[in-house]
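Below is coords.cif, which holds mmCIF, C-alpha atoms and all ligand atoms.
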```cif
data_protein
#
loop_
_atom_site.label_atom_id
_atom_site.label_comp_id
_atom_site.auth_asym_id
_atom_site.auth_seq_id
_atom_site.Cartn_x
_atom_site.Cartn_y
_atom_site.Cartn_z
CA VAL A 1 -16.72 0.64 -12.33
CA ASP A 2 -16.05 3.65 -14.51
CA ARG A 3 -16.80 6.73 -12.45
CA PRO A 4 -16.27 10.42 -13.21
CA SER A 5 -13.76 12.29 -11.11
CA VAL A 6 -15.66 14.83 -8.99
CA SER A 7 -13.17 17.60 -9.60
CA SER A 8 -12.14 16.97 -13.21
CA SER A 9 -13.24 19.59 -15.69
CA SER A 10 -14.81 18.13 -18.81
CA LEU A 11 -11.82 19.35 -20.86
CA VAL A 12 -9.27 17.62 -18.63
CA GLN A 13 -11.40 14.51 -18.60
CA LYS A 14 -11.63 14.57 -22.38
CA GLN A 15 -7.86 14.88 -22.66
CA ASN A 16 -7.42 11.99 -20.26
CA GLU A 17 -9.81 9.87 -22.28
CA GLU A 18 -7.90 10.72 -25.46
CA THR A 19 -4.62 9.75 -23.80
CA LEU A 20 -6.11 6.49 -22.64
CA LYS A 21 -7.43 5.76 -26.13
CA GLN A 22 -4.01 6.37 -27.64
CA GLU A 23 -2.16 4.31 -25.02
CA ALA A 24 -4.66 1.74 -23.86
CA PRO A 25 -3.04 -0.67 -21.38
CA THR A 26 -2.43 -4.12 -22.77
CA ASN A 27 -0.52 -7.16 -21.64
CA GLU A 28 2.25 -5.82 -23.82
CA ALA A 29 2.47 -2.71 -21.67
CA LEU A 30 6.06 -3.20 -20.62
CA GLY A 31 7.15 -4.07 -24.13
CA GLY A 32 5.41 -0.84 -25.11
CA LEU A 33 7.46 1.07 -22.55
CA LYS A 34 10.61 -0.30 -24.08
CA ARG A 35 9.71 0.62 -27.63
CA LYS A 36 8.41 4.13 -26.95
CA SER A 37 10.44 7.24 -26.27
CA LEU A 38 10.60 8.83 -22.83
CA HIS A 39 8.35 11.66 -24.03
CA GLU A 40 5.66 9.26 -25.28
CA ASN A 41 5.76 7.29 -22.04
CA SER A 42 5.60 10.22 -19.70
CA PHE A 43 1.87 10.01 -18.97
CA ASN A 44 0.45 9.03 -15.64
CA PRO A 45 0.81 5.26 -14.86
CA MET A 46 -1.95 5.58 -12.25
CA ARG A 47 -4.37 6.30 -15.10
CA ARG A 48 -2.73 3.72 -17.33
CA PHE A 49 -3.25 0.98 -14.74
CA GLY A 50 -6.63 2.32 -13.57
CA LYS A 51 -5.44 3.09 -10.03
CA LYS A 52 -7.41 5.55 -7.91
CA HIS A 53 -5.09 5.18 -4.96
CA LEU A 54 -1.84 3.42 -4.02
CA SER A 55 -1.45 1.00 -1.16
CA VAL A 56 1.36 1.01 1.39
CA THR A 57 2.10 -2.61 0.42
CA LEU A 58 2.57 -1.65 -3.21
CA LEU A 59 4.87 1.27 -2.32
CA CYS A 60 6.96 -1.09 -0.18
CA ASP A 61 7.23 -3.59 -3.04
CA GLN A 62 8.36 -0.65 -5.14
CA SER A 63 11.08 0.24 -2.66
CA TRP A 64 12.43 -3.31 -3.13
CA CYS A 65 12.35 -3.09 -6.94
CA GLU A 66 10.16 -0.74 -8.97
CA MET A 67 10.25 -2.95 -12.07
CA LYS A 68 8.98 -5.85 -9.97
CA THR A 69 5.97 -3.76 -8.94
CA VAL A 70 5.19 -2.94 -12.57
CA TYR A 71 5.43 -6.63 -13.52
CA SER A 72 3.14 -7.60 -10.64
CA ILE A 73 0.48 -5.40 -12.25
CA ILE A 74 0.94 -6.36 -15.88
CA LYS A 75 1.65 -10.06 -15.24
CA PRO A 76 -0.74 -10.82 -12.36
CA HIS A 77 -0.85 -14.57 -13.05
CA ILE A 78 2.83 -14.92 -12.01
CA LYS A 79 2.12 -13.28 -8.65
CA ARG A 80 -1.05 -15.33 -8.15
CA LYS A 81 0.98 -18.52 -8.50
CA HIS A 82 3.49 -17.24 -5.94
CA MET A 83 0.70 -16.40 -3.48
CA GLN A 84 -0.34 -20.06 -3.51
CA ARG A 85 3.08 -21.12 -2.19
CA SER A 86 2.94 -22.70 1.24
CA GLU A 87 5.21 -20.19 3.02
CA VAL A 88 3.11 -17.27 1.79
CA GLN A 89 -0.10 -19.03 2.87
CA MET A 90 1.48 -19.81 6.25
CA GLY A 91 2.37 -16.14 6.78
CA MET A 92 -1.22 -15.15 5.98
CA GLN A 93 -2.57 -17.75 8.40
CA ILE A 94 -0.36 -16.44 11.23
CA HIS A 95 -1.70 -12.92 10.58
CA LEU A 96 -5.30 -14.11 10.49
CA ALA A 97 -4.90 -16.17 13.67
CA ARG A 98 -3.55 -13.08 15.49
CA GLU A 99 -6.46 -10.97 14.25
CA LEU A 100 -9.02 -13.56 15.33
CA GLN A 101 -7.56 -13.63 18.86
CA ILE A 102 -9.31 -10.33 19.54
CA LYS A 103 -11.99 -10.14 16.82
CA ASP A 104 -14.90 -12.13 15.46
CA ILE A 105 -15.60 -12.16 11.75
CA VAL A 106 -19.11 -10.86 11.07
CA PRO A 107 -20.31 -11.49 7.50
CA VAL A 108 -21.98 -8.38 6.03
CA SER A 109 -23.46 -8.39 2.52
CA THR A 110 -22.36 -5.54 0.23
CA SER A 111 -23.71 -4.37 -3.10
CA SER A 112 -21.61 -1.31 -4.04
CA LEU A 113 -18.10 0.06 -3.77
CA GLU A 114 -19.43 2.49 -1.17
CA ASP A 115 -20.70 -0.45 0.92
CA ILE A 116 -17.22 -2.02 0.89
CA GLU A 117 -15.50 1.20 1.96
CA ALA A 118 -18.22 1.87 4.54
CA ILE A 119 -17.41 -1.46 6.23
CA LYS A 120 -13.74 -0.42 6.61
CA LEU A 121 -14.79 2.94 8.06
CA LEU A 122 -17.22 1.25 10.47
CA ASN A 123 -14.41 -1.03 11.65
CA MET A 124 -12.34 2.07 12.42
CA PHE A 125 -15.36 3.68 14.08
CA ASN A 126 -15.50 0.71 16.46
CA MET A 127 -11.76 0.45 17.08
CA ILE A 128 -11.04 4.10 18.02
CA PRO A 129 -12.93 4.02 21.36
CA LEU A 130 -11.34 0.66 22.20
CA LEU A 131 -7.88 2.06 21.56
CA GLU A 132 -8.67 5.13 23.64
CA THR A 133 -9.54 2.95 26.59
CA GLY A 134 -6.16 1.22 26.32
CA GLU A 135 -7.14 -1.93 24.42
CA LEU A 136 -4.99 -3.40 21.69
CA VAL A 137 -6.52 -3.10 18.20
CA ARG A 138 -5.52 -5.04 15.10
CA GLU A 139 -5.88 -4.37 11.36
CA PHE A 140 -6.48 -0.65 11.78
CA PRO A 141 -7.01 1.08 8.38
CA VAL A 142 -5.14 4.31 7.64
CA PHE A 143 -5.47 6.55 4.59
CA GLY A 144 -5.02 10.05 3.29
CA VAL A 145 -3.46 12.23 0.65
CA GLN A 146 0.33 12.33 0.80
CA GLU A 147 2.30 14.30 -1.78
CA GLY A 148 -0.88 14.64 -3.85
CA VAL A 149 -1.69 10.91 -4.04
CA PHE A 150 -4.30 9.04 -1.99
CA ILE A 151 -2.57 6.24 -0.07
CA MET A 152 -4.23 3.46 1.96
CA GLY A 153 -2.80 0.91 4.36
CA VAL A 154 -3.68 -1.33 7.30
CA ILE A 155 -1.69 -1.21 10.54
CA ASP A 156 -1.19 -4.66 12.09
CA GLU A 157 -1.40 -3.59 15.74
CA LEU A 158 -1.79 -0.42 17.78
CA MET A 159 -1.52 -0.36 21.56
CA TYR A 160 -0.34 1.73 24.48
CA SER A 161 2.89 0.75 26.20
CA GLN A 162 3.25 0.75 29.98
CA LYS A 163 4.89 4.18 29.64
CA GLY A 164 1.74 5.47 27.92
CA GLU A 165 3.31 5.64 24.45
CA LEU A 166 1.17 4.78 21.44
CA VAL A 167 3.01 1.87 19.80
CA LEU A 168 2.63 0.60 16.23
CA ASN A 169 3.59 -3.06 15.97
CA GLU A 170 4.08 -4.65 12.53
CA LEU A 171 4.09 -8.43 12.36
CA LYS A 172 6.43 -10.06 9.82
CA THR A 173 6.90 -13.75 9.26
CA ARG A 174 10.17 -15.17 7.94
CA LYS A 175 11.11 -18.50 6.40
CA GLN A 176 14.62 -18.20 7.88
CA ASN A 177 14.93 -18.19 11.65
CA SER A 178 16.96 -14.96 11.63
CA MET A 179 16.51 -11.20 11.44
CA PRO A 180 16.35 -9.78 7.86
CA HIS A 181 19.35 -8.33 6.01
CA SER A 182 19.65 -4.60 5.48
CA ALA A 183 17.78 -4.36 2.13
CA GLN A 184 14.67 -6.10 3.52
CA ASP A 185 14.99 -4.17 6.77
CA LYS A 186 15.01 -0.87 4.82
CA THR A 187 11.78 -1.79 3.00
CA ASN A 188 10.06 -2.82 6.25
CA CYS A 189 11.15 0.39 7.99
CA PHE A 190 9.75 2.42 5.10
CA GLN A 191 6.44 0.57 5.51
CA VAL A 192 5.95 1.39 9.20
CA ALA A 193 7.12 4.98 8.67
CA LEU A 194 4.46 5.40 5.96
CA TYR A 195 1.82 4.07 8.35
CA LYS A 196 2.89 6.67 10.89
CA LEU A 197 2.68 9.48 8.30
CA LEU A 198 -0.87 8.41 7.44
CA PHE A 199 -2.02 7.84 11.03
CA ASP A 200 -0.58 11.12 12.30
CA SER A 201 -2.17 13.10 9.48
CA MET A 202 -5.53 11.50 10.34
CA VAL A 203 -5.34 12.49 14.02
CA HIS A 204 -4.24 15.98 12.94
CA GLY A 205 -7.53 16.28 11.02
CA GLU A 206 -5.83 16.43 7.62
CA VAL A 207 -8.13 13.85 6.00
CA LYS A 208 -11.14 15.62 4.49
CA LYS A 209 -14.26 13.87 3.29
CA ASP A 210 -13.81 15.38 -0.15
CA HIS A 211 -10.48 13.48 -0.42
CA ILE A 212 -12.31 10.18 0.04
CA PHE A 213 -15.04 10.95 -2.49
CA ARG A 214 -12.79 12.57 -5.09
CA HIS A 215 -9.74 10.31 -5.01
CA LEU A 216 -11.62 7.03 -4.63
CA ARG A 217 -14.43 8.23 -6.94
CA LEU A 218 -17.13 7.24 -4.49
CA TYR A 219 -20.59 8.76 -4.43
CA PRO A 220 -21.43 10.55 -1.15
CA ASP A 221 -25.17 10.11 -1.77
CA GLN A 222 -24.97 6.37 -2.44
CA VAL A 223 -27.58 4.66 -0.27
CA LEU A 224 -25.94 1.90 1.76
CA GLY A 225 -27.12 -1.68 1.41
CA GLU A 226 -29.46 -3.07 4.04
CA GLY A 227 -26.73 -5.32 5.45
CA VAL A 228 -24.36 -2.40 5.98
CA GLN A 229 -27.05 -0.21 7.53
CA ALA A 230 -28.00 -3.03 9.91
CA HIS A 231 -24.33 -3.61 10.78
CA ALA A 232 -23.87 0.10 11.57
CA LYS A 233 -27.03 0.07 13.68
CA SER A 234 -25.73 -2.88 15.71
CA HIS A 235 -22.84 -0.58 16.71
CA GLY A 236 -25.18 2.29 17.63
CA LEU A 237 -24.85 4.24 14.38
CA GLN A 238 -27.94 5.25 12.39
CA VAL A 239 -26.77 5.92 8.82
CA SER A 240 -28.29 5.50 5.39
CA THR A 241 -25.78 7.05 2.95
CA PHE A 242 -22.04 6.70 2.45
CA GLU A 243 -21.48 10.36 3.32
CA GLU A 244 -23.11 9.83 6.73
CA VAL A 245 -20.61 7.06 7.54
CA VAL A 246 -17.69 9.27 6.48
CA ASP A 247 -19.06 12.15 8.60
CA ALA A 248 -19.47 9.86 11.61
CA LEU A 249 -15.93 8.53 11.33
CA LEU A 250 -14.29 11.93 10.87
CA MET A 251 -16.29 13.21 13.85
CA VAL A 252 -15.04 10.32 16.04
CA VAL A 253 -11.46 10.93 14.92
CA SER A 254 -11.64 14.68 15.56
CA CYS A 255 -13.28 14.23 19.00
CA SER A 256 -10.88 11.49 20.05
CA ASP A 257 -7.78 12.25 22.07
CA LEU A 258 -5.61 9.90 20.07
CA PRO A 259 -2.00 11.11 19.93
CA CYS A 260 0.48 10.64 17.10
CA ILE A 261 2.29 7.31 17.10
CA ASP A 262 5.21 7.43 19.53
CA LEU A 263 7.01 4.20 18.77
CA LEU A 264 7.41 2.08 15.63
CA GLN A 265 8.44 -1.55 15.96
CA ILE A 266 8.55 -4.67 13.80
CA GLU A 267 8.12 -8.14 15.28
CA TYR A 268 9.73 -10.97 13.28
CA HIS A 269 8.31 -14.47 13.69
CA HIS A 270 9.59 -17.74 12.27
CA GLN A 271 7.06 -19.26 9.84
CA GLY A 272 7.83 -22.85 10.77
CA SER A 273 7.54 -22.55 14.54
CA SER A 274 5.65 -19.22 14.87
CA GLU A 275 8.28 -18.36 17.52
CA LEU A 276 9.43 -14.76 17.91
CA ILE A 277 12.80 -14.19 16.22
CA GLY A 278 13.25 -10.64 17.44
CA THR A 279 11.82 -7.13 17.62
CA ARG A 280 13.23 -4.17 15.71
CA VAL A 281 12.55 -0.64 16.98
CA VAL A 282 12.42 1.72 13.98
CA PRO A 283 13.59 5.33 14.20
CA PHE A 284 11.32 7.81 12.39
CA ASP A 285 12.88 10.38 10.08
CA GLU A 286 10.02 12.29 8.43
CA ALA A 287 12.24 14.13 5.94
CA GLN A 288 13.75 10.85 4.73
CA VAL A 289 10.36 9.11 4.43
CA ARG A 290 8.98 12.03 2.42
CA THR A 291 12.02 12.04 0.14
CA ASP A 292 11.63 8.28 -0.49
CA LEU A 293 7.88 8.66 -1.05
CA GLN A 294 8.35 11.54 -3.51
CA SER A 295 10.88 9.46 -5.42
CA HIS A 296 8.40 6.54 -5.65
CA LEU A 297 5.49 8.78 -6.63
CA ALA A 298 7.55 10.40 -9.38
CA TYR A 299 7.00 7.18 -11.33
CA TRP A 300 3.27 6.92 -10.56
CA THR A 301 2.63 10.55 -11.51
CA GLY A 302 4.39 10.15 -14.84
CA LYS A 303 7.51 12.19 -14.07
CA ARG A 304 9.87 9.37 -14.98
CA GLU A 305 10.01 5.83 -16.37
CA PRO A 306 10.18 2.76 -14.09
CA LYS A 307 13.56 1.40 -13.13
CA GLY A 308 14.87 -1.90 -11.82
CA VAL A 309 17.57 -2.58 -9.27
CA ASP A 310 21.05 -1.04 -9.45
CA ILE A 311 23.98 -3.31 -10.21
CA GLU A 312 24.94 -3.42 -6.49
CA GLU A 313 21.57 -5.03 -5.79
CA ALA A 314 21.51 -7.39 -8.77
CA TRP A 315 21.42 -10.26 -6.26
CA LYS A 316 17.72 -9.42 -5.78
CA CYS A 317 17.05 -10.70 -9.32
CA GLN A 318 18.12 -14.22 -8.36
CA SER A 319 15.03 -14.76 -6.24
CA CYS A 320 12.69 -12.60 -8.32
CA LEU A 321 9.49 -14.03 -9.79
CA TYR A 322 10.06 -12.04 -12.98
CA GLU A 323 13.72 -12.90 -13.51
CA ASP A 324 13.08 -14.77 -16.76
CA ILE A 325 11.04 -12.03 -18.42
CA CYS A 326 12.56 -8.87 -16.95
CA GLU A 327 13.75 -6.51 -19.66
CA TRP A 328 15.64 -4.36 -17.14
CA ARG A 329 17.71 -7.32 -16.00
CA LYS A 330 18.38 -8.40 -19.57
CA THR A 331 19.46 -5.02 -20.86
CA ARG A 332 20.48 -2.60 -18.10
CA LEU A 333 22.18 -5.06 -15.80
CA SER A 334 24.04 -6.89 -18.56
CA MET A 335 25.24 -3.50 -19.91
CA SER A 336 26.45 -2.51 -16.43
CA GLU A 337 28.19 -5.83 -16.00
CA GLN A 338 30.21 -5.60 -19.23
CA PRO A 339 32.74 -2.89 -18.23
CA ALA A 340 33.08 -4.49 -14.78
CA ALA A 341 33.88 -7.87 -16.35
CA HIS A 342 36.37 -6.19 -18.70
CA SER A 343 38.15 -4.27 -15.95
CA SER A 344 38.34 -7.31 -13.69
CA SER A 345 39.98 -9.34 -16.46
CA CYS A 346 42.62 -6.60 -16.87
CA THR A 347 43.70 -6.56 -13.26
FE1 LIG B 1 13.65 -6.13 -10.46
FE2 LIG B 1 15.64 -7.82 -10.99
FE3 LIG B 1 13.16 -8.70 -10.68
FE4 LIG B 1 13.82 -7.32 -12.82
S1 LIG B 1 14.60 -9.35 -12.25
S2 LIG B 1 11.99 -7.08 -11.62
S3 LIG B 1 15.28 -5.83 -11.98
S4 LIG B 1 14.43 -7.73 -9.10
#
```
Show this structure as structure tokens.
Ligand code: SF4
Amino acid sequence: VDRPSVSSSSLVQKQNEETLKQEAPTNEALGGLKRKSLHENSFNPMRRFGKKHLSVTLLCDQSWCEMKTVYSIIKPHIKRKHMQRSEVQMGMQIHLARELQIKDIVPVSTSSLEDIEAIKLLNMFNMIPLLETGELVREFPVFGVQEGVFIMGVIDELMYSQKGELVLNELKTRKQNSMPHSAQDKTNCFQVALYKLLFDSMVHGEVKKDHIFRHLRLYPDQVLGEGVQAHAKSHGLQVSTFEEVVDALLMVVSCSDLPCIDLLQIEYHHQGSSELIGTRVVPFDEAQVRTDLQSHLAYWTGKREPKGVDIEEAWKCQSCLYEDICEWRKTRLSMSEQPAAHSSSCT
């Protein structure tokens, strides 16, 4: 759906349209990146790929390898094939089974983008009071503007510990019956830290309704479908427009006494047996998370070109879906390997 940005002036919008016309995204996008100069490429990839927001999952993929993230967008069929693999499906089933332990799925018909977002907000509207009374909640959405970009994610589990701490628990499934190595661990820690940034900014009242309308290009006055209105009513909420749902949610958040997240932890389960492998408690370093996030967003906001893994992490390419087509691996890594090969043969 092509929607105008609420805040864009017509001049800026015209310039954006011109840019898009000149550099329309194609399946050859990455080849295009290679052929063009840095100056020509330095426009905003969010516009190029039609993204209104970024997801936490995508930013975590990026922290593993940025080039891989770009390929997952421009070569979606390769990722789709991977998603059909049994271990990926098994991981998804374990997540779903955990969610269904405490939730029922209620089908609600939707007819607009606003309806779809309203359902997510209504889920949050229902979960906040449950969490406040000490119940465990699963699949809790979090969102907000961080470093100028709207970011969305879904927290696996939130609960209070016996000490009264608010605990975020992220469920990960692993093919190997062992804890992950440091590179995977770093990506997972970045993920839960991002969730905390988003959650804490929500409870601090930093999410404004204008952010939701403007960044996601949703219409506040959009009348909600009958199914969504009926669903809201079944939870005691009388709403007819999207803005009314947003107002209701922000009111519940601001009136709640939810604290910031006190403890971040990641639970690793073995895919084959579903048994717990171990639990990792993650320290939170806000300055480091913000530095990592700014570095990732520098690509999305057009400040630099995408990059693949450094030579020290070239081992990641061996299990990468895009190994056969990756230009970074072919050119940058082979260039880096040449002097190393030469020096090793001299010693
Ligand atoms: Fe990244 Fe290597 Fe995969 Fe290329 S082959 S996308 S550099 S992990």
Please list as a ChimeraX atom specification every residue within 9 Å of Asn44 (chain A), counting all atoms listed in the file and excluding residues in the same chain fewer than 4 positions away. /A:48-49,299-303
Take the residues that were just selected and, keeping C-alpha atoms, output them as a short mmCIF file (atom, residue, chain, number, x, y, z; two decimals), in the coordinates of the input.
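See again06.cif below for the written result:
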```
data_model
loop_
_atom_site.label_atom_id
_atom_site.label_comp_id
_atom_site.auth_asym_id
_atom_site.auth_seq_id
_atom_site.Cartn_x
_atom_site.Cartn_y
_atom_site.Cartn_z
CA ARG A 48 -2.73 3.72 -17.33
CA PHE A 49 -3.25 0.98 -14.74
CA TYR A 299 7.00 7.18 -11.33
CA TRP A 300 3.27 6.92 -10.56
CA THR A 301 2.63 10.55 -11.51
CA GLY A 302 4.39 10.15 -14.84
CA LYS A 303 7.51 12.19 -14.07
#
```
Which is closer to Ile78 (chain A) than all the others in A:Asp324, A:Pro283, A:Met335, A:Ser182, using only C-alpha atoms?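 Of A:Asp324, A:Pro283, A:Met335, A:Ser182, the one nearest Ile78 (chain A), counting only C-alpha atoms, is A:Asp324.
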Mind checking which residues fall within 10 Å of Lys196 (chain A), counting all atoms listed in the file, ignoring those fewer than 5 positions away in the same chain, and posting them as an MDAnalysis selection string? chainID A and resid 142 155 168 190:191 201:202 260:264 284 286
Using all atoms listed in the file, I'd like a table of the residues in chain A that come within 7 Å of ligand LIG 1 (chain B); for each, show the closest atom pair and its distance in Å rounded to one decimal, ordered by chain and ascending number, as a Markdown table.
```
| residue | atom | partner | partner_atom | distance |
| --- | --- | --- | --- | --- |
| A:Cys65 | CA | B:LIG1 | FE1 | 4.8 |
| A:Glu66 | CA | B:LIG1 | FE1 | 6.6 |
| A:Met67 | CA | B:LIG1 | S2 | 4.5 |
| A:Lys68 | CA | B:LIG1 | S2 | 3.6 |
| A:Tyr71 | CA | B:LIG1 | S2 | 6.8 |
| A:Gly308 | CA | B:LIG1 | S3 | 4.0 |
| A:Val309 | CA | B:LIG1 | S3 | 4.8 |
| A:Ala314 | CA | B:LIG1 | FE2 | 6.3 |
| A:Lys316 | CA | B:LIG1 | S4 | 5.0 |
| A:Cys317 | CA | B:LIG1 | FE2 | 3.6 |
| A:Cys320 | CA | B:LIG1 | FE3 | 4.6 |
| A:Leu321 | CA | B:LIG1 | FE3 | 6.5 |
| A:Tyr322 | CA | B:LIG1 | FE3 | 5.1 |
| A:Glu323 | CA | B:LIG1 | S1 | 3.9 |
| A:Cys326 | CA | B:LIG1 | FE4 | 4.6 |
| A:Glu327 | CA | B:LIG1 | FE4 | 6.9 |
| A:Trp328 | CA | B:LIG1 | S3 | 5.4 |
| A:Arg329 | CA | B:LIG1 | S3 | 4.9 |
```
One-decimal distance in Å that lies between CA of Ile277 (chain A) and CA of His181 (chain A):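 That distance, rounded to one decimal, is 13.5 Å.
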Find the residue from A:Leu171, A:Val252, A:Cys189, A:Val239 that sits nearest to Glu226 (chain A); use all atoms listed in the file when measuring.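 Of A:Leu171, A:Val252, A:Cys189, A:Val239, the one nearest Glu226 (chain A), counting all atoms listed in the file, is A:Val239.
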Quick one: pull the distance between CA of Asp200 (chain A) and CA of Arg214 (chain A), Å, one decimal.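 Between CA of Asp200 (chain A) and CA of Arg214 (chain A) the gap is 21.3 Å.
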Distance of CA of Pro141 (chain A) from CA of Val228 (chain A), expressed in Å to one decimal place: 17.9 Å
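Distances here use only C-alpha atoms; by that measure, the residue among A:Lys120, A:Lys75, A:Lys307, A:Lys330 closest to Gln62 (chain A) is A:Lys307.
Proximity to Leu131 (chain A) was assessed for A:Thr279, A:Pro45, A:Leu166, A:Val245 counting all atoms listed in the file; the smallest distance is recorded for A:Leu166.
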Selection near His269 (chain A), 12 Å with all atoms listed in the file, sequence-local residues under 3 positions removed, as a ChimeraX atom specification: /A:90-91,94-95,170-180,266,272-280
